[in-house]
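Okay, start-v9.pdb now, which holds PDB, C-alpha atoms:
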ATOM      1  CA  MET A 138    -131.534  -4.187 -76.905
ATOM      2  CA  SER A 139    -131.020  -0.817 -75.206
ATOM      3  CA  GLU A 140    -128.239  -0.254 -72.689
ATOM      4  CA  SER A 141    -130.753   0.360 -69.911
ATOM      5  CA  LEU A 142    -132.418  -2.983 -70.605
ATOM      6  CA  LYS A 143    -129.041  -4.735 -70.770
ATOM      7  CA  GLY A 144    -128.212  -3.164 -67.424
ATOM      8  CA  ALA A 145    -131.411  -4.556 -65.940
ATOM      9  CA  VAL A 146    -130.548  -8.017 -67.313
ATOM     10  CA  ARG A 147    -127.056  -7.801 -65.782
ATOM     11  CA  GLY A 148    -128.564  -6.810 -62.436
ATOM     12  CA  ALA A 149    -131.042  -9.707 -62.509
ATOM     13  CA  VAL A 150    -128.331 -12.207 -63.448
ATOM     14  CA  LEU A 151    -126.017 -10.892 -60.713
ATOM     15  CA  ARG A 152    -128.749 -11.371 -58.115
ATOM     16  CA  LEU A 153    -129.248 -14.947 -59.260
ATOM     17  CA  LEU A 154    -125.496 -15.607 -59.350
ATOM     18  CA  GLU A 155    -125.035 -14.405 -55.783
ATOM     19  CA  ARG A 156    -127.293 -17.244 -54.648
ATOM     20  CA  LEU A 157    -125.567 -19.789 -56.881
ATOM     21  CA  VAL A 158    -122.059 -18.760 -55.822
ATOM     22  CA  LYS A 159    -122.908 -19.664 -52.218
ATOM     23  CA  LEU A 160    -123.596 -23.196 -53.452
ATOM     24  CA  LEU A 161    -120.445 -23.240 -55.609
ATOM     25  CA  LEU A 162    -118.208 -22.104 -52.768
ATOM     26  CA  ASP A 163    -119.656 -24.712 -50.407
ATOM     27  CA  ALA A 164    -119.036 -27.357 -53.072
ATOM     28  CA  GLY A 165    -115.437 -26.211 -53.596
ATOM     29  CA  ILE A 166    -116.033 -25.024 -57.165
ATOM     30  CA  GLY A 167    -113.930 -21.975 -57.997
ATOM     31  CA  VAL A 168    -114.381 -19.282 -60.610
ATOM     32  CA  GLY A 169    -112.278 -21.173 -63.173
ATOM     33  CA  ASP A 170    -114.543 -24.223 -63.101
ATOM     34  CA  PHE A 171    -117.574 -21.955 -63.140
ATOM     35  CA  MET A 172    -116.365 -20.107 -66.241
ATOM     36  CA  SER A 173    -115.897 -23.448 -67.993
ATOM     37  CA  LEU A 174    -119.523 -24.287 -67.247
ATOM     38  CA  VAL A 175    -120.645 -20.863 -68.496
ATOM     39  CA  LYS A 176    -118.867 -21.452 -71.817
ATOM     40  CA  VAL A 177    -120.492 -24.862 -72.220
ATOM     41  CA  ALA A 178    -123.919 -23.306 -71.557
ATOM     42  CA  TYR A 179    -123.312 -20.505 -74.074
ATOM     43  CA  VAL A 180    -122.257 -22.954 -76.781
ATOM     44  CA  LYS A 181    -125.145 -25.311 -76.056
ATOM     45  CA  VAL A 182    -127.829 -22.600 -76.254
ATOM     46  CA  ALA A 183    -126.254 -20.862 -79.255
ATOM     47  CA  SER A 184    -125.892 -24.157 -81.148
ATOM     48  CA  GLU A 185    -129.526 -25.066 -80.422
ATOM     49  CA  ARG A 186    -130.639 -21.721 -81.843
ATOM     50  CA  ASP A 187    -128.341 -22.046 -84.828
ATOM     51  CA  GLY A 188    -129.435 -25.592 -85.624
ATOM     52  CA  LYS A 189    -133.194 -25.172 -85.248
ATOM     53  CA  GLY A 190    -133.813 -25.931 -88.900
ATOM     54  CA  GLY A 191    -132.010 -29.252 -88.605
ATOM     55  CA  GLU A 192    -128.743 -27.785 -89.840
ATOM     56  CA  ARG A 193    -125.386 -28.577 -88.300
ATOM     57  CA  PRO A 194    -124.367 -25.810 -85.839
ATOM     58  CA  ASN A 195    -122.056 -23.255 -87.489
ATOM     59  CA  VAL A 196    -118.948 -22.608 -85.383
ATOM     60  CA  GLY A 197    -118.413 -19.208 -86.978
ATOM     61  CA  ARG A 198    -121.911 -17.950 -86.170
ATOM     62  CA  ILE A 199    -121.659 -19.278 -82.611
ATOM     63  CA  ALA A 200    -118.351 -17.436 -82.211
ATOM     64  CA  VAL A 201    -119.972 -14.180 -83.313
ATOM     65  CA  VAL A 202    -122.896 -14.337 -80.890
ATOM     66  CA  THR A 203    -120.964 -15.694 -77.876
ATOM     67  CA  GLY A 204    -117.655 -13.855 -78.213
ATOM     68  CA  MET A 205    -115.757 -17.135 -77.786
ATOM     69  CA  ASN A 206    -112.988 -18.353 -80.075
ATOM     70  CA  ARG A 207    -113.574 -21.094 -82.619
ATOM     71  CA  PRO A 208    -111.229 -23.772 -81.216
ATOM     72  CA  GLU A 209    -112.898 -23.817 -77.803
ATOM     73  CA  ILE A 210    -116.360 -23.850 -79.419
ATOM     74  CA  ALA A 211    -115.365 -26.782 -81.623
ATOM     75  CA  ALA A 212    -113.955 -28.635 -78.606
ATOM     76  CA  ILE A 213    -117.172 -28.187 -76.639
ATOM     77  CA  LEU A 214    -119.333 -29.269 -79.594
ATOM     78  CA  ALA A 215    -117.155 -32.347 -80.072
ATOM     79  CA  LYS A 216    -117.777 -33.493 -76.487
ATOM     80  CA  GLY A 217    -121.556 -33.299 -76.937
ATOM     81  CA  GLU A 218    -123.416 -34.767 -73.978
ATOM     82  CA  ALA A 219    -120.521 -37.024 -72.953
ATOM     83  CA  GLY A 220    -119.885 -35.020 -69.815
ATOM     84  CA  THR A 221    -123.512 -35.042 -68.653
ATOM     85  CA  SER A 222    -124.124 -37.047 -65.491
ATOM     86  CA  SER A 223    -126.708 -39.804 -65.592
ATOM     87  CA  THR A 224    -127.904 -38.793 -62.113
ATOM     88  CA  GLU A 225    -130.748 -36.672 -63.448
ATOM     89  CA  HIS A 226    -132.053 -39.452 -65.686
ATOM     90  CA  SER A 227    -132.034 -41.874 -62.741
ATOM     91  CA  ARG A 228    -133.846 -39.325 -60.607
ATOM     92  CA  GLN A 229    -136.529 -38.805 -63.233
ATOM     93  CA  ARG A 230    -137.156 -42.560 -63.504
ATOM     94  CA  ALA A 231    -137.541 -42.847 -59.734
ATOM     95  CA  GLU A 232    -139.901 -39.849 -59.709
ATOM     96  CA  ARG A 233    -142.072 -41.378 -62.433
ATOM     97  CA  VAL A 234    -142.296 -44.674 -60.563
ATOM     98  CA  LEU A 235    -143.301 -42.920 -57.352
ATOM     99  CA  SER A 236    -145.919 -40.797 -59.145
ATOM    100  CA  GLY A 237    -147.470 -43.876 -60.723
ATOM    101  CA  TRP A 238    -147.620 -45.631 -57.375
ATOM    102  CA  TRP A 239    -149.712 -42.798 -55.923
ATOM    103  CA  ALA A 240    -151.975 -42.284 -58.946
ATOM    104  CA  ASP A 241    -152.463 -45.517 -60.901
ATOM    105  CA  SER A 242    -155.575 -47.403 -59.770
ATOM    106  CA  GLU A 243    -153.855 -50.737 -60.402
ATOM    107  CA  PHE A 244    -151.391 -49.934 -57.615
ATOM    108  CA  LEU A 245    -153.850 -48.318 -55.183
ATOM    109  CA  THR A 246    -155.991 -49.712 -52.385
ATOM    110  CA  PRO A 247    -159.807 -49.385 -52.553
ATOM    111  CA  GLN A 248    -159.374 -46.326 -50.307
ATOM    112  CA  GLY A 249    -157.126 -44.654 -52.888
ATOM    113  CA  GLU A 250    -153.861 -45.133 -50.961
ATOM    114  CA  PRO A 251    -150.690 -46.662 -52.473
ATOM    115  CA  ALA A 252    -150.915 -50.423 -52.067
ATOM    116  CA  VAL A 253    -148.200 -52.423 -50.334
ATOM    117  CA  LEU A 254    -146.468 -54.226 -53.201
ATOM    118  CA  ARG A 255    -144.489 -57.413 -53.468
ATOM    119  CA  LEU A 256    -141.150 -57.004 -55.190
ATOM    120  CA  LYS A 257    -141.601 -59.398 -58.141
ATOM    121  CA  GLY A 258    -144.529 -60.442 -60.268
ATOM    122  CA  PRO A 259    -146.222 -59.660 -63.587
ATOM    123  CA  ARG A 260    -149.043 -57.658 -61.974
ATOM    124  CA  ARG A 261    -149.478 -55.371 -58.945
ATOM    125  CA  SER A 262    -145.805 -55.596 -57.974
ATOM    126  CA  PHE A 263    -142.932 -53.144 -57.737
ATOM    127  CA  GLU A 264    -141.436 -54.819 -60.799
ATOM    128  CA  ALA A 265    -144.643 -54.199 -62.781
ATOM    129  CA  LEU A 266    -144.796 -50.615 -61.515
ATOM    130  CA  CYS A 267    -141.225 -49.920 -62.680
ATOM    131  CA  ARG A 268    -141.846 -51.551 -66.033
ATOM    132  CA  ARG A 269    -144.909 -49.350 -66.633
ATOM    133  CA  TYR A 270    -143.491 -46.012 -65.465
ATOM    134  CA  SER A 271    -139.737 -46.202 -66.053
ATOM    135  CA  GLY A 272    -139.428 -48.692 -68.897
ATOM    136  CA  GLU A 273    -136.923 -50.607 -66.756
ATOM    137  CA  TYR A 274    -137.102 -54.335 -66.141
ATOM    138  CA  ARG A 275    -134.228 -54.188 -63.656
ATOM    139  CA  THR A 276    -135.669 -52.592 -60.544
ATOM    140  CA  GLY A 277    -132.677 -52.722 -58.191
ATOM    141  CA  ALA A 278    -131.220 -49.257 -58.847
ATOM    142  CA  ILE A 279    -134.589 -47.482 -58.620
ATOM    143  CA  LEU A 280    -135.559 -49.331 -55.451
ATOM    144  CA  ASP A 281    -132.190 -48.590 -53.837
ATOM    145  CA  GLU A 282    -132.652 -44.864 -54.498
ATOM    146  CA  LEU A 283    -136.217 -44.779 -53.187
ATOM    147  CA  LEU A 284    -135.163 -46.657 -50.058
ATOM    148  CA  ARG A 285    -132.144 -44.399 -49.568
ATOM    149  CA  VAL A 286    -134.208 -41.174 -49.586
ATOM    150  CA  ARG A 287    -136.878 -42.855 -47.424
ATOM    151  CA  ALA A 288    -139.613 -42.423 -50.020
ATOM    152  CA  VAL A 289    -140.223 -46.192 -49.705
ATOM    153  CA  ARG A 290    -139.658 -48.676 -46.899
ATOM    154  CA  ARG A 291    -139.230 -52.431 -46.912
ATOM    155  CA  LEU A 292    -141.595 -54.265 -44.583
ATOM    156  CA  PRO A 293    -140.467 -57.302 -42.555
ATOM    157  CA  GLU A 294    -142.022 -59.789 -44.984
ATOM    158  CA  GLY A 295    -140.125 -58.172 -47.863
ATOM    159  CA  ARG A 296    -143.006 -56.222 -49.381
ATOM    160  CA  LEU A 297    -142.680 -52.496 -50.138
ATOM    161  CA  GLN A 298    -144.639 -49.520 -48.841
ATOM    162  CA  ALA A 299    -144.671 -45.991 -50.342
ATOM    163  CA  LEU A 300    -144.094 -43.244 -47.792
ATOM    164  CA  SER A 301    -143.689 -40.078 -49.870
ATOM    165  CA  ARG A 302    -145.358 -38.703 -52.978
ATOM    166  CA  THR A 303    -142.150 -37.206 -54.343
ATOM    167  CA  TYR A 304    -138.488 -38.058 -54.688
ATOM    168  CA  ALA A 305    -137.506 -34.528 -55.675
ATOM    169  CA  THR A 306    -136.673 -33.139 -52.224
ATOM    170  CA  VAL A 307    -133.475 -31.104 -52.470
ATOM    171  CA  ARG A 308    -130.685 -32.677 -50.413
ATOM    172  CA  TRP A 309    -126.917 -32.197 -50.239
ATOM    173  CA  ASP A 310    -126.053 -35.227 -52.357
ATOM    174  CA  PRO A 311    -125.732 -35.790 -56.137
ATOM    175  CA  GLU A 312    -129.420 -36.563 -56.645
ATOM    176  CA  GLY A 313    -130.504 -33.618 -54.487
ATOM    177  CA  ILE A 314    -128.278 -31.207 -56.376
ATOM    178  CA  ALA A 315    -129.676 -32.565 -59.650
ATOM    179  CA  ALA A 316    -133.174 -31.816 -58.322
ATOM    180  CA  LEU A 317    -132.091 -28.289 -57.385
ATOM    181  CA  GLY A 318    -130.762 -27.679 -60.898
ATOM    182  CA  GLU A 319    -133.923 -28.980 -62.499
ATOM    183  CA  GLN A 320    -136.220 -26.860 -60.336
ATOM    184  CA  LEU A 321    -134.186 -23.691 -60.894
ATOM    185  CA  SER A 322    -134.155 -24.382 -64.633
ATOM    186  CA  GLU A 323    -137.924 -24.878 -64.743
ATOM    187  CA  LEU A 324    -138.637 -21.707 -62.765
ATOM    188  CA  CYS A 325    -136.302 -19.629 -64.947
ATOM    189  CA  GLY A 326    -137.799 -21.215 -68.048
ATOM    190  CA  THR A 327    -141.309 -20.150 -67.050
ATOM    191  CA  LEU A 328    -140.319 -16.569 -66.197
ATOM    192  CA  ILE A 329    -138.253 -16.139 -69.384
ATOM    193  CA  ALA A 330    -141.072 -17.616 -71.493
ATOM    194  CA  ASN A 331    -143.384 -14.968 -70.034
ATOM    195  CA  LEU A 332    -140.938 -12.250 -71.113
ATOM    196  CA  GLU A 333    -140.791 -13.667 -74.633
ATOM    197  CA  GLN A 334    -144.532 -14.391 -74.960
ATOM    198  CA  PRO A 335    -146.361 -11.777 -72.865
ATOM    199  CA  THR A 336    -149.650 -12.359 -74.701
ATOM    200  CA  ARG A 337    -149.706 -16.044 -73.613
ATOM    201  CA  PRO A 338    -148.084 -16.043 -70.173
ATOM    202  CA  ARG A 339    -147.825 -19.088 -67.959
ATOM    203  CA  LEU A 340    -149.160 -18.670 -64.451
ATOM    204  CA  ALA A 341    -146.422 -17.245 -62.200
ATOM    205  CA  ARG A 342    -147.671 -15.618 -59.014
ATOM    206  CA  LEU A 343    -145.588 -14.041 -56.265
ATOM    207  CA  ILE A 344    -147.363 -13.266 -52.989
ATOM    208  CA  VAL A 345    -145.235 -11.511 -50.391
ATOM    209  CA  ASN A 346    -145.482  -9.314 -47.293
ATOM    210  CA  THR A 347    -142.379  -7.105 -47.197
ATOM    211  CA  ARG A 348    -143.092  -5.789 -43.686
ATOM    212  CA  LEU A 349    -144.121  -8.879 -41.735
ATOM    213  CA  ASP A 350    -143.760  -8.796 -37.952
ATOM    214  CA  PRO A 351    -141.336 -11.705 -37.211
ATOM    215  CA  ARG A 352    -143.503 -12.822 -34.285
ATOM    216  CA  TYR A 353    -146.119 -14.093 -36.723
ATOM    217  CA  ALA A 354    -143.728 -15.916 -39.072
ATOM    218  CA  PRO A 355    -143.719 -19.399 -37.423
ATOM    219  CA  VAL A 356    -147.505 -19.688 -37.391
ATOM    220  CA  LEU A 357    -147.916 -18.292 -40.902
ATOM    221  CA  ILE A 358    -145.227 -20.587 -42.321
ATOM    222  CA  ARG A 359    -146.864 -23.603 -40.675
ATOM    223  CA  ASP A 360    -150.329 -22.736 -42.007
ATOM    224  CA  ILE A 361    -149.113 -21.841 -45.505
ATOM    225  CA  GLU A 362    -147.097 -25.052 -45.839
ATOM    226  CA  ASN A 363    -149.978 -27.215 -44.593
ATOM    227  CA  ASN A 364    -152.391 -25.608 -47.084
ATOM    228  CA  LEU A 365    -149.941 -25.948 -49.958
ATOM    229  CA  ARG A 366    -149.279 -29.606 -49.181
ATOM    230  CA  VAL A 367    -152.987 -30.360 -49.501
ATOM    231  CA  GLN A 368    -153.172 -28.486 -52.811
ATOM    232  CA  ALA A 369    -149.982 -30.133 -54.067
ATOM    233  CA  ASP A 370    -151.329 -33.607 -53.324
ATOM    234  CA  SER A 371    -154.519 -32.827 -55.242
ATOM    235  CA  LEU A 372    -152.566 -31.450 -58.212
ATOM    236  CA  HIS A 373    -150.286 -34.485 -58.162
ATOM    237  CA  ASP A 374    -153.254 -36.866 -58.421
ATOM    238  CA  THR A 375    -154.832 -34.841 -61.247
ATOM    239  CA  LEU A 376    -151.641 -34.493 -63.293
ATOM    240  CA  ASN A 377    -150.688 -38.154 -62.929
ATOM    241  CA  ASP A 378    -154.113 -39.651 -63.585
ATOM    242  CA  ARG A 379    -153.721 -42.427 -66.158
ATOM    243  CA  LEU A 380    -156.494 -40.859 -68.228
ATOM    244  CA  HIS A 381    -154.173 -37.902 -68.883
ATOM    245  CA  SER A 382    -151.021 -39.917 -69.622
ATOM    246  CA  ALA A 383    -149.721 -40.705 -73.103
ATOM    247  CA  ALA A 384    -149.544 -44.341 -74.100
ATOM    248  CA  PRO A 385    -146.046 -45.860 -74.409
ATOM    249  CA  GLY A 386    -144.434 -45.008 -77.716
ATOM    250  CA  THR A 387    -146.658 -41.986 -78.394
ATOM    251  CA  ALA A 388    -145.775 -38.284 -78.238
ATOM    252  CA  ALA A 389    -145.626 -36.866 -74.716
ATOM    253  CA  MET A 390    -144.790 -33.605 -72.967
ATOM    254  CA  ARG A 391    -143.952 -32.410 -69.459
ATOM    255  CA  LEU A 392    -146.416 -30.336 -67.454
ATOM    256  CA  GLY A 393    -145.915 -29.399 -63.837
ATOM    257  CA  VAL A 394    -146.426 -26.878 -61.058
ATOM    258  CA  GLY A 395    -143.695 -25.558 -58.764
ATOM    259  CA  ILE A 396    -144.499 -24.434 -55.219
ATOM    260  CA  TYR A 397    -142.064 -22.896 -52.760
ATOM    261  CA  VAL A 398    -141.972 -20.727 -49.638
ATOM    262  CA  PHE A 399    -139.242 -18.132 -49.112
ATOM    263  CA  GLU A 400    -138.235 -15.834 -46.288
ATOM    264  CA  GLY A 401    -135.567 -13.214 -45.644
ATOM    265  CA  VAL A 402    -134.749  -9.861 -44.070
ATOM    266  CA  ALA A 403    -136.818  -6.875 -45.219
ATOM    267  CA  ASP A 404    -134.827  -4.524 -47.467
ATOM    268  CA  ASP A 405    -135.513  -1.410 -45.396
ATOM    269  CA  ILE A 406    -134.298  -3.159 -42.240
ATOM    270  CA  GLU A 407    -131.040  -4.002 -43.974
ATOM    271  CA  SER A 408    -130.532  -0.343 -44.819
ATOM    272  CA  GLY A 409    -131.285   0.781 -41.267
ATOM    273  CA  ASN A 410    -134.584   2.471 -42.150
ATOM    274  CA  ALA A 411    -137.001   0.155 -40.408
ATOM    275  CA  ALA A 412    -140.483   1.459 -39.832
ATOM    276  CA  PRO A 413    -141.448   2.042 -36.173
ATOM    277  CA  ARG A 414    -142.788  -1.014 -34.390
ATOM    278  CA  ALA A 415    -146.364  -1.047 -33.197
ATOM    279  CA  SER A 416    -146.792  -0.157 -29.540
ATOM    280  CA  PRO A 417    -147.329  -3.038 -27.083
ATOM    281  CA  GLY A 418    -150.891  -4.299 -27.208
ATOM    282  CA  ALA A 419    -151.560  -2.883 -30.671
ATOM    283  CA  SER A 420    -152.566  -5.251 -33.432
ATOM    284  CA  PRO A 421    -149.926  -5.121 -36.207
ATOM    285  CA  LYS A 422    -151.380  -4.716 -39.670
ATOM    286  CA  PRO A 423    -148.684  -5.843 -42.128
ATOM    287  CA  ARG A 424    -149.005  -4.467 -45.610
ATOM    288  CA  LYS A 425    -149.473  -7.062 -48.334
ATOM    289  CA  ARG A 426    -148.241  -6.891 -51.870
ATOM    290  CA  ARG A 427    -149.341  -9.197 -54.595
ATOM    291  CA  GLY A 428    -147.225 -10.033 -57.546
TER     292      GLY A 428
END
In structure tokens, write the structure found in this file.
Amino acid sequence: MSESLKGAVRGAVLRLLERLVKLLLDAGIGVGDFMSLVKVAYVKVASERDGKGGERPNVGRIAVVTGMNRPEIAAILAKGEAGTSSTEHSRQRAERVLSGWWADSEFLTPQGEPAVLRLKGPRRSFEALCRRYSGEYRTGAILDELLRVRAVRRLPEGRLQALSRTYATVRWDPEGIAALGEQLSELCGTLIANLEQPTRPRLARLIVNTRLDPRYAPVLIRDIENNLRVQADSLHDTLNDRLHSAAPGTAAMRLGVGIYVFEGVADDIESGNAAPRASPGASPKPRKRRG
């Protein structure tokens, strides 16, 4: 890789890290803890590359490509996945249960809405839903999480009603942070895959106006989010249709779509070179750029 390309990679990583460091500082995680995480990530990725043929990861080769010393590599490999939190696995089970509730005809009303379910029972119950979509017979932990994030509510007679299509909303709690990490990982994975396989890129569109008049932002954000919610609900139903789902015990894969809205200060305003504002009464014509 040329030095100019390495420089571009460093610049891209720095821009990403500036966002992440805000999170780390708020969470009280200093540079020492962060560097420990970086080393674990380097060893994990390097060992996966080294052991692709089913071979045991070679500490010497990992040391060469990462620049780390052998003892610390061996120590990280010895820990394996022991330090991984189970939060993400719990979150994924809850997400699968919620998706099934909104898509599986057995748990829908004739109008296509999630049915109100009793807690126990072999059929058309929350217990049956969890058994089908999480593999769990014990439903307490999943129900507690769905109730806690208000994706589900308990009705007076004890039955359960689904309120939200997704559990993955990012919140400032362990499950929310796990969701944040997963979504960042998936987005980066798609963009990096497109660098590595430019002839077979995954869809990744960026649509942005870099000179938007702030007066129009509230209305545009409202309209964009409403439109995207409708599209997201339709995609959710299509992706989670039982006709498209693998049977238990058979090979399966993950397929999904990420949607997000972002906003910030225009670069030229930050540098003090803002373009002149339109005169009162004129109709602003923001330039649009598609990416």
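Nearest to A:Val146 of all the residues A:Gly295, A:Pro351, A:Asp360, A:Ile329 is A:Ile329, based on only C-alpha atoms.
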Task: Reference answer for the PyMOL selection byres ((chain A and resi 391) around 12), as a PyMOL selection string - done: chain A and resi 229+233+323+376-377+381-383+388-390+392-394
Task: Separation of atom CA of A:Ile199 from atom CA of A:Tyr179, in Å and rounded to one decimal - done: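 Result for atom CA of A:Ile199 versus atom CA of A:Tyr179: 8.8 Å, one decimal.
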- [ ] For atom CA of A:Ala164 and atom CA of A:Pro311, determine how far apart the two atoms are, in Å to one decimal place.
- [x]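 Separation between atom CA of A:Ala164 and atom CA of A:Pro311: 11.2 Å.
Distance-wise, atom CA of A:Leu321 and atom CA of A:Ser173 end up 19.6 Å apart.
Residues selected in this file by the PyMOL selection byres ((chain A and resi 301) around 10) comprise Leu235, Ser236, Trp239, Pro251, Leu283, Val286, Arg287, Ala288, Val289, Arg290, Gln298, Ala299, Leu300, Arg302, Thr303 and Tyr304 of chain A.
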Assuming 4 Å of padding per side, give the centre and edge lengths of the axis-aligned box around every listed atom of stretch 276-295 of chain A, in Å to one decimal and as AutoDock Vina command-line options.
--center_x -136.6 --center_y -50.5 --center_z -51.5 --size_x 18.8 --size_y 26.6 --size_z 26.0
Please identify all polymer residues within 6 Å of A:Leu297, counting all atoms listed in the file, omitting same-chain residues fewer than 2 positions from it, and present them as a PDB file with C-alpha atoms, in the frame of the given file.
ATOM      1  CA  VAL A 253    -148.200 -52.423 -50.334  1.00  0.00           C
ATOM      2  CA  LEU A 254    -146.468 -54.226 -53.201  1.00  0.00           C
ATOM      3  CA  ARG A 290    -139.658 -48.676 -46.899  1.00  0.00           C
ATOM      4  CA  ARG A 291    -139.230 -52.431 -46.912  1.00  0.00           C
ATOM      5  CA  LEU A 292    -141.595 -54.265 -44.583  1.00  0.00           C
TER       6      LEU A 292
END
TODO: Rank A:Arg268, A:Arg261, A:Lys176, A:Lys181 by their smallest atom-to-atom distance to A:Leu245, using all atoms listed in the file, and report the top residue only.
DONE: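 Closest candidate: A:Arg261.
Counting only C-alpha atoms and comparing A:Ser322, A:Ser262, A:Ser184, A:Thr375, the residue that lies closest to A:Val202 is A:Ser184.
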TODO: Tell me which of A:Lys143, A:Ala341, A:Arg379, A:Trp309 sits closest to A:Glu243, counting all atoms listed in the file.
DONE: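 Of all the options, A:Arg379 lies closest to A:Glu243.
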Complete stretch 196-216 of chain A at the level of N, CA and C atoms, written as a short mmCIF file (atom, residue, chain, number, x, y, z; two decimals), in the frame of the given file.
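And here is the file that came out, selection.cif:
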data_model
loop_
_atom_site.label_atom_id
_atom_site.label_comp_id
_atom_site.auth_asym_id
_atom_site.auth_seq_id
_atom_site.Cartn_x
_atom_site.Cartn_y
_atom_site.Cartn_z
N VAL A 196 -119.90 -23.08 -86.38
CA VAL A 196 -118.95 -22.61 -85.38
C VAL A 196 -118.71 -21.11 -85.52
N GLY A 197 -118.65 -20.63 -86.75
CA GLY A 197 -118.41 -19.21 -86.98
C GLY A 197 -119.53 -18.34 -86.42
N ARG A 198 -120.77 -18.74 -86.68
CA ARG A 198 -121.91 -17.95 -86.17
C ARG A 198 -121.97 -18.00 -84.65
N ILE A 199 -121.66 -19.17 -84.07
CA ILE A 199 -121.66 -19.28 -82.61
C ILE A 199 -120.58 -18.38 -82.02
N ALA A 200 -119.43 -18.30 -82.69
CA ALA A 200 -118.35 -17.44 -82.21
C ALA A 200 -118.77 -15.97 -82.22
N VAL A 201 -119.53 -15.57 -83.22
CA VAL A 201 -119.97 -14.18 -83.31
C VAL A 201 -120.91 -13.82 -82.17
N VAL A 202 -121.89 -14.69 -81.89
CA VAL A 202 -122.90 -14.34 -80.89
C VAL A 202 -122.41 -14.53 -79.45
N THR A 203 -121.43 -15.42 -79.24
CA THR A 203 -120.96 -15.69 -77.88
C THR A 203 -119.70 -14.93 -77.51
N GLY A 204 -118.93 -14.50 -78.50
CA GLY A 204 -117.66 -13.86 -78.21
C GLY A 204 -116.55 -14.83 -77.87
N MET A 205 -116.77 -16.11 -78.06
CA MET A 205 -115.76 -17.14 -77.79
C MET A 205 -114.96 -17.43 -79.05
N ASN A 206 -113.79 -18.04 -78.88
CA ASN A 206 -112.99 -18.35 -80.08
C ASN A 206 -113.40 -19.71 -80.65
N ARG A 207 -113.10 -19.91 -81.91
CA ARG A 207 -113.57 -21.09 -82.62
C ARG A 207 -113.02 -22.40 -82.07
N PRO A 208 -111.73 -22.48 -81.72
CA PRO A 208 -111.23 -23.77 -81.22
C PRO A 208 -111.96 -24.26 -79.96
N GLU A 209 -112.23 -23.35 -79.01
CA GLU A 209 -112.90 -23.82 -77.80
C GLU A 209 -114.35 -24.18 -78.09
N ILE A 210 -114.99 -23.48 -79.04
CA ILE A 210 -116.36 -23.85 -79.42
C ILE A 210 -116.37 -25.23 -80.05
N ALA A 211 -115.44 -25.48 -80.96
CA ALA A 211 -115.36 -26.78 -81.62
C ALA A 211 -115.11 -27.90 -80.61
N ALA A 212 -114.26 -27.62 -79.63
CA ALA A 212 -113.96 -28.64 -78.61
C ALA A 212 -115.19 -28.97 -77.78
N ILE A 213 -115.96 -27.96 -77.43
CA ILE A 213 -117.17 -28.19 -76.64
C ILE A 213 -118.21 -28.95 -77.46
N LEU A 214 -118.38 -28.56 -78.74
CA LEU A 214 -119.33 -29.27 -79.59
C LEU A 214 -118.93 -30.73 -79.80
N ALA A 215 -117.63 -30.98 -79.85
CA ALA A 215 -117.16 -32.35 -80.07
C ALA A 215 -117.48 -33.26 -78.89
N LYS A 216 -117.49 -32.69 -77.68
CA LYS A 216 -117.78 -33.49 -76.49
C LYS A 216 -119.24 -33.87 -76.41
#
